[in-house]
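Printed here is target_33.csv (CSV, C-alpha atoms):
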chain,number,residue,atom,x,y,z
A,118,MET,CA,0.0,0.0,0.0
A,119,ASP,CA,1.5,3.4,-0.9
A,120,LYS,CA,1.5,6.5,1.2
A,121,LYS,CA,-1.3,8.2,-0.8
A,122,SER,CA,-3.8,5.4,-0.4
A,123,SER,CA,-2.9,4.9,3.3
A,124,LEU,CA,-3.4,8.7,3.9
A,125,LEU,CA,-6.7,8.5,2.0
A,126,GLN,CA,-7.9,5.6,4.0
A,127,ARG,CA,-7.1,7.4,7.3
A,128,LEU,CA,-8.9,10.6,6.1
A,129,VAL,CA,-11.9,8.5,5.1
A,130,ARG,CA,-12.0,6.8,8.5
A,131,PHE,CA,-11.5,10.1,10.3
A,132,GLY,CA,-14.3,11.6,8.2
A,133,ALA,CA,-16.6,8.7,9.0
A,134,ILE,CA,-15.8,9.0,12.7
A,135,GLY,CA,-16.4,12.7,12.6
A,136,LEU,CA,-19.7,12.3,10.8
A,137,ALA,CA,-20.8,9.7,13.3
A,138,ALA,CA,-19.9,12.0,16.2
A,139,LEU,CA,-21.7,14.9,14.6
A,140,GLY,CA,-24.8,12.6,14.1
A,141,MET,CA,-24.7,11.5,17.7
A,142,MET,CA,-24.4,15.2,18.9
A,143,THR,CA,-27.4,16.1,16.7
A,144,VAL,CA,-29.5,13.3,18.0
A,145,MET,CA,-28.5,14.0,21.6
A,146,SER,CA,-29.1,17.8,21.2
A,147,GLY,CA,-32.4,17.2,19.6
A,148,ALA,CA,-33.5,14.9,22.4
A,149,ALA,CA,-32.4,17.5,24.9
A,150,GLU,CA,-34.8,20.0,23.2
A,151,ALA,CA,-37.8,17.8,23.4
A,152,LYS,CA,-40.6,18.3,25.9
A,153,SER,CA,-43.1,15.5,26.4
A,154,ALA,CA,-45.7,14.3,28.9
A,155,CYS,CA,-47.7,11.2,29.1
A,156,SER,CA,-50.7,10.6,31.3
A,157,SER,CA,-53.4,8.0,31.7
A,158,GLY,CA,-57.0,8.0,32.8
A,159,SER,CA,-59.9,5.6,32.8
A,160,LYS,CA,-59.0,3.2,29.9
A,161,HIS,CA,-56.6,5.5,28.0
A,162,VAL,CA,-53.0,6.7,27.7
A,163,ILE,CA,-52.2,9.9,26.0
A,164,CYS,CA,-48.7,11.4,25.2
A,165,PHE,CA,-48.0,14.9,23.9
A,166,SER,CA,-44.6,16.1,22.8
A,167,ILE,CA,-43.0,19.1,21.3
A,168,THR,CA,-39.5,18.8,19.7
A,169,HIS,CA,-37.3,21.6,18.4
A,170,VAL,CA,-36.1,20.4,15.0
A,171,GLY,CA,-34.0,23.4,14.0
A,172,GLY,CA,-34.4,27.1,13.3
A,173,ASP,CA,-37.8,28.1,14.5
A,174,GLN,CA,-39.4,24.8,13.5
A,175,TYR,CA,-41.0,22.3,16.0
A,176,ASP,CA,-42.5,18.9,15.6
A,177,VAL,CA,-45.7,18.4,17.6
A,178,HIS,CA,-46.9,14.8,18.2
A,179,VAL,CA,-49.8,13.3,20.0
A,180,GLY,CA,-50.3,9.6,20.5
A,181,ILE,CA,-53.2,7.9,22.2
A,182,ASP,CA,-54.3,4.4,23.1
A,183,ILE,CA,-57.9,3.8,24.1
A,184,THR,CA,-59.0,0.5,25.6
A,185,MET,CA,-62.0,-1.1,24.0
A,186,SER,CA,-62.8,-4.2,22.0
A,187,GLN,CA,-61.1,-4.6,18.6
A,188,SER,CA,-64.5,-4.8,16.9
A,189,ASP,CA,-65.6,-1.5,18.6
A,190,ALA,CA,-62.4,0.2,17.5
A,191,GLN,CA,-62.8,-1.1,13.9
A,192,ALA,CA,-66.5,0.1,13.8
A,193,ILE,CA,-65.3,3.6,14.8
A,194,ILE,CA,-62.6,3.6,12.2
A,195,ASP,CA,-65.0,2.4,9.5
A,196,GLN,CA,-67.5,5.2,10.0
A,197,PRO,CA,-67.5,8.1,7.6
A,198,GLY,CA,-64.9,10.9,8.3
A,199,ASP,CA,-61.9,10.9,10.6
A,200,PRO,CA,-62.6,9.0,13.8
A,201,ILE,CA,-60.4,11.2,15.9
A,202,ASP,CA,-59.0,14.7,15.9
A,203,ALA,CA,-56.4,16.6,18.0
A,204,TRP,CA,-55.8,20.2,18.9
A,205,ALA,CA,-53.0,22.0,20.7
A,206,MET,CA,-54.7,24.1,23.3
A,207,GLY,CA,-53.4,27.1,25.3
A,208,ASP,CA,-53.8,26.5,29.0
A,209,ASP,CA,-54.9,29.9,30.5
A,210,PRO,CA,-56.4,30.8,33.8
A,211,PHE,CA,-59.9,31.8,32.6
A,212,PHE,CA,-60.3,29.8,29.4
A,213,ASP,CA,-58.5,27.3,27.2
A,214,ASN,CA,-58.0,28.4,23.6
A,215,ALA,CA,-57.4,26.2,20.5
A,216,GLU,CA,-54.1,27.1,19.0
A,217,PHE,CA,-53.9,24.7,16.0
A,218,ARG,CA,-55.2,21.4,14.7
A,219,ILE,CA,-52.8,18.4,14.8
A,220,PRO,CA,-53.7,16.2,11.8
A,221,LEU,CA,-54.2,12.5,12.1
A,222,SER,CA,-51.2,10.5,10.9
A,223,TRP,CA,-52.6,7.0,11.4
A,224,VAL,CA,-55.2,5.1,13.4
A,225,ASN,CA,-55.4,1.4,14.0
A,226,ALA,CA,-57.7,-1.2,15.7
A,227,TRP,CA,-56.0,-4.0,17.6
A,228,GLU,CA,-56.8,-6.5,20.3
A,229,GLY,CA,-56.2,-3.8,23.0
A,230,GLY,CA,-58.4,-1.2,21.5
A,231,LEU,CA,-57.8,1.9,19.3
A,232,SER,CA,-54.5,3.6,18.8
A,233,ALA,CA,-53.8,6.8,16.9
A,234,GLU,CA,-51.1,9.3,16.3
A,235,MET,CA,-51.3,12.9,15.1
A,236,ASP,CA,-48.3,15.0,13.9
A,237,ILE,CA,-47.6,18.5,12.6
A,238,ARG,CA,-44.5,20.7,12.1
A,239,VAL,CA,-45.1,24.3,13.2
A,240,PRO,CA,-43.1,27.5,13.6
A,241,TYR,CA,-42.4,28.8,17.1
A,242,ALA,CA,-45.1,31.5,16.6
A,243,ALA,CA,-47.7,28.7,16.7
A,244,LEU,CA,-46.5,27.7,20.2
A,245,ASP,CA,-46.4,31.3,21.5
A,246,GLU,CA,-49.8,31.4,23.1
A,247,ASP,CA,-49.2,34.0,25.8
A,248,SER,CA,-47.7,37.5,25.3
A,249,ASP,CA,-45.9,37.3,28.7
A,250,GLY,CA,-43.4,34.7,27.3
A,251,GLY,CA,-44.7,31.8,29.4
A,252,ASP,CA,-46.5,29.4,27.2
A,253,GLU,CA,-48.5,26.4,28.4
A,254,LEU,CA,-49.9,23.9,25.9
A,255,PHE,CA,-51.8,20.7,26.2
A,256,ALA,CA,-53.4,18.3,23.6
A,257,ARG,CA,-57.1,17.8,23.4
A,258,VAL,CA,-58.1,14.6,21.5
A,259,ARG,CA,-61.7,13.8,20.6
A,260,LEU,CA,-62.9,10.4,19.6
A,261,PHE,CA,-66.0,10.4,17.4
A,262,ASP,CA,-68.2,7.4,17.8
A,263,GLN,CA,-71.4,7.9,15.8
A,264,ARG,CA,-73.0,5.0,17.6
A,265,THR,CA,-72.7,6.5,21.0
A,266,SER,CA,-71.1,9.9,21.6
A,267,THR,CA,-67.9,11.9,21.4
A,268,ARG,CA,-65.3,11.3,24.0
A,269,THR,CA,-62.6,13.9,24.9
A,270,PHE,CA,-59.2,13.2,26.3
A,271,THR,CA,-56.6,15.8,27.5
A,272,SER,CA,-52.8,15.4,28.0
A,273,ARG,CA,-50.7,16.9,30.7
A,274,THR,CA,-49.6,20.5,30.1
A,275,LEU,CA,-46.2,21.3,28.6
A,276,SER,CA,-44.6,24.7,29.5
A,277,SER,CA,-42.2,26.8,27.5
A,278,PRO,CA,-39.5,27.5,26.6
A,279,PHE,CA,-39.8,24.9,23.9
Using structure tokens, write down the structure that the file contains.
Amino acid sequence: MDKKSSLLQRLVRFGAIGLAALGMMTVMSGAAEAKSACSSGSKHVICFSITHVGGDQYDVHVGIDITMSQSDAQAIIDQPGDPIDAWAMGDDPFFDNAEFRIPLSWVNAWEGGLSAEMDIRVPYAALDEDSDGGDELFARVRLFDQRTSTRTFTSRTLSSPF
């Protein structure tokens, strides 16, 4: 092996190690900038997270599992329209206000019930729900069952800075 190819191999290895380290730092710094909260209630678990993905952009995610029979879950999914929706809500002392809708990514019926996830990428301005710089947001999820009624679930509140 000549000196040029040996040097080239070392540079390639060094570059690969550097890229791996940069990737790990990016993943670790992204995880450090995520805020999330999960909670449970009577026959459900809901998780709400807000993750800074760079610049002024944030990924907002809501996941929910609702305990019911698989056949009931499938009947809800099969009805016309989206079976579930989610909103980011501002948590204020005198009223809660809807900030933005979080679109349904997927919904599934399984032996434990109904599971769904909702996702959206938003600019920081969408999360800025109070003029005093302290922002508190929670997720509100509604399950539409045309056979019975609408059920509403709320997550724990996440507070800024995001």
Neighbouring residues of A:Ser248 were defined as those with any atom within 12 Å, considering all atoms listed in the file; residues of the same chain fewer than 5 positions away were excluded. Please report them as a PyMOL selection string. chain A and resi 207+209+242+253
Contacts of stretch 268-278 of chain A within 6 Å, all atoms listed in the file, excl. fewer than 3 positions in-chain, as a ChimeraX atom specification: /A:154,163,251-260
For A:Phe217, which residue among A:Met235, A:Ile201, A:Ala243, A:Ile194 is the nearest when counting all atoms listed in the file? A:Ala243
Nearest to A:Asp262 among A:Gly158, A:Pro200, A:Gly230, A:Gly172, with distances taken over all atoms listed in the file: which residue is it? A:Pro200
So that I can check the surroundings of A:Gln263, please list as a list in words every protein, DNA and RNA residue that reaches within 10 Å of it, counting only C-alpha atoms and ignoring chain neighbours fewer than 5 positions away.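 Selected residues are Ala192, Ile193, Gln196, Pro197 and Pro200 of chain A.
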From the list A:His161, A:Lys152, A:His169, A:His178, which residue is nearest A:Trp223 when using only C-alpha atoms?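 Nearest to A:Trp223: A:His178.
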Neighbouring residues of A:Val162 were defined as those with any atom within 7 Å, considering only C-alpha atoms; residues of the same chain fewer than 2 positions away were excluded. Please report them as a ChimeraX atom specification. /A:156-158,164,181-183
Please tell me which residues are no farther than 9 Å from (-45.7, 20.6, 18.9) in the file, counting only C-alpha atoms, and write them as a PyMOL selection string. chain A and resi 152+165-169+175-179+205+219+236-239+243-244+254+279
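Coordinates place atom CA of A:Gly198 at a distance of 22.2 Å from atom CA of A:Glu216.
Here atom CA of A:Gln187 is placed at a distance of 25.4 Å from atom CA of A:Trp204.
Note that the spacing between atom CA of A:Glu246 and atom CA of A:Val224 amounts to 28.5 Å.
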Which residue of A:Ala203, A:Tyr241, A:Thr265, A:Asp249 approaches A:Asp173 most closely, using only C-alpha atoms: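 Of A:Ala203, A:Tyr241, A:Thr265, A:Asp249, the one nearest A:Asp173, counting only C-alpha atoms, is A:Tyr241.
Remark: for A:Ala233, the closest of the candidate residues A:Val170, A:Leu221, A:Met206, A:Cys155 is A:Leu221 (distances computed over all atoms listed in the file).
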Distance query A:Ser188 at most 9 Å, only C-alpha atoms, self and fewer than 2 positions along chain excluded, as a list in words: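 Near neighbours after the sequence-gap exclusion: Met185, Ser186, Ala190, Gln191, Ala192, Ile193, Ala226, Trp227, Glu228 and Gly230 of chain A.
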When distances are computed from all atoms listed in the file, which of A:Glu150, A:Asp189, A:Asp199, A:Asp247 shows the smallest separation from A:Gly229?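 Closest to A:Gly229 of all the choices is A:Asp189.
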Can you patch up stretch 154-172 of chain A, filling it in to N, CA, C and O atoms, and show the result as an mmCIF file, in the frame of the given file?
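Writing the result to out-v6.cif gives the following:
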data_model
loop_
_atom_site.group_PDB
_atom_site.id
_atom_site.type_symbol
_atom_site.label_atom_id
_atom_site.label_comp_id
_atom_site.auth_asym_id
_atom_site.auth_seq_id
_atom_site.Cartn_x
_atom_site.Cartn_y
_atom_site.Cartn_z
ATOM 1 N N ALA A 154 -44.943 14.739 27.684
ATOM 2 C CA ALA A 154 -45.700 14.300 28.900
ATOM 3 C C ALA A 154 -46.686 13.268 28.489
ATOM 4 O O ALA A 154 -47.379 13.388 27.482
ATOM 5 N N CYS A 155 -46.711 12.217 29.279
ATOM 6 C CA CYS A 155 -47.700 11.200 29.100
ATOM 7 C C CYS A 155 -48.549 11.072 30.352
ATOM 8 O O CYS A 155 -48.057 11.318 31.457
ATOM 9 N N SER A 156 -49.787 10.738 30.167
ATOM 10 C CA SER A 156 -50.700 10.600 31.300
ATOM 11 C C SER A 156 -51.708 9.504 30.940
ATOM 12 O O SER A 156 -51.882 9.162 29.777
ATOM 13 N N SER A 157 -52.361 9.013 31.952
ATOM 14 C CA SER A 157 -53.400 8.000 31.700
ATOM 15 C C SER A 157 -54.619 8.331 32.525
ATOM 16 O O SER A 157 -54.567 9.073 33.495
ATOM 17 N N GLY A 158 -55.705 7.786 32.071
ATOM 18 C CA GLY A 158 -57.000 8.000 32.800
ATOM 19 C C GLY A 158 -57.738 6.663 32.665
ATOM 20 O O GLY A 158 -57.170 5.607 32.386
ATOM 21 N N SER A 159 -59.013 6.768 32.849
ATOM 22 C CA SER A 159 -59.900 5.600 32.800
ATOM 23 C C SER A 159 -59.826 5.030 31.362
ATOM 24 O O SER A 159 -60.368 5.618 30.437
ATOM 25 N N LYS A 160 -59.095 3.958 31.174
ATOM 26 C CA LYS A 160 -59.000 3.200 29.900
ATOM 27 C C LYS A 160 -58.379 3.973 28.755
ATOM 28 O O LYS A 160 -58.764 3.810 27.606
ATOM 29 N N HIS A 161 -57.396 4.825 29.058
ATOM 30 C CA HIS A 161 -56.600 5.500 28.000
ATOM 31 C C HIS A 161 -55.270 5.919 28.454
ATOM 32 O O HIS A 161 -55.065 6.114 29.651
ATOM 33 N N VAL A 162 -54.366 6.068 27.499
ATOM 34 C CA VAL A 162 -53.000 6.700 27.700
ATOM 35 C C VAL A 162 -52.846 7.665 26.604
ATOM 36 O O VAL A 162 -53.101 7.367 25.437
ATOM 37 N N ILE A 163 -52.402 8.880 26.958
ATOM 38 C CA ILE A 163 -52.200 9.900 26.000
ATOM 39 C C ILE A 163 -50.787 10.521 26.188
ATOM 40 O O ILE A 163 -50.393 10.754 27.338
ATOM 41 N N CYS A 164 -50.058 10.741 25.104
ATOM 42 C CA CYS A 164 -48.700 11.400 25.200
ATOM 43 C C CYS A 164 -48.712 12.559 24.224
ATOM 44 O O CYS A 164 -49.243 12.497 23.113
ATOM 45 N N PHE A 165 -48.077 13.630 24.680
ATOM 46 C CA PHE A 165 -48.000 14.900 23.900
ATOM 47 C C PHE A 165 -46.523 15.309 23.968
ATOM 48 O O PHE A 165 -45.915 15.330 25.042
ATOM 49 N N SER A 166 -45.950 15.616 22.800
ATOM 50 C CA SER A 166 -44.600 16.100 22.800
ATOM 51 C C SER A 166 -44.364 17.190 21.781
ATOM 52 O O SER A 166 -45.068 17.283 20.769
ATOM 53 N N ILE A 167 -43.407 18.037 22.118
ATOM 54 C CA ILE A 167 -43.000 19.100 21.300
ATOM 55 C C ILE A 167 -41.475 19.063 21.179
ATOM 56 O O ILE A 167 -40.795 19.092 22.208
ATOM 57 N N THR A 168 -40.944 18.955 19.945
ATOM 58 C CA THR A 168 -39.500 18.800 19.700
ATOM 59 C C THR A 168 -38.984 19.847 18.795
ATOM 60 O O THR A 168 -39.510 20.003 17.678
ATOM 61 N N HIS A 169 -37.962 20.561 19.236
ATOM 62 C CA HIS A 169 -37.300 21.600 18.400
ATOM 63 C C HIS A 169 -36.493 20.815 17.337
ATOM 64 O O HIS A 169 -35.644 19.999 17.684
ATOM 65 N N VAL A 170 -36.753 21.087 16.050
ATOM 66 C CA VAL A 170 -36.100 20.400 15.000
ATOM 67 C C VAL A 170 -35.091 21.264 14.213
ATOM 68 O O VAL A 170 -34.466 20.811 13.261
ATOM 69 N N GLY A 171 -34.955 22.510 14.625
ATOM 70 C CA GLY A 171 -34.000 23.400 14.000
ATOM 71 C C GLY A 171 -34.672 24.721 13.587
ATOM 72 O O GLY A 171 -35.863 24.761 13.293
ATOM 73 N N GLY A 172 -33.875 25.777 13.604
ATOM 74 C CA GLY A 172 -34.400 27.100 13.300
ATOM 75 C C GLY A 172 -35.563 27.425 14.201
ATOM 76 O O GLY A 172 -35.466 27.257 15.411
#
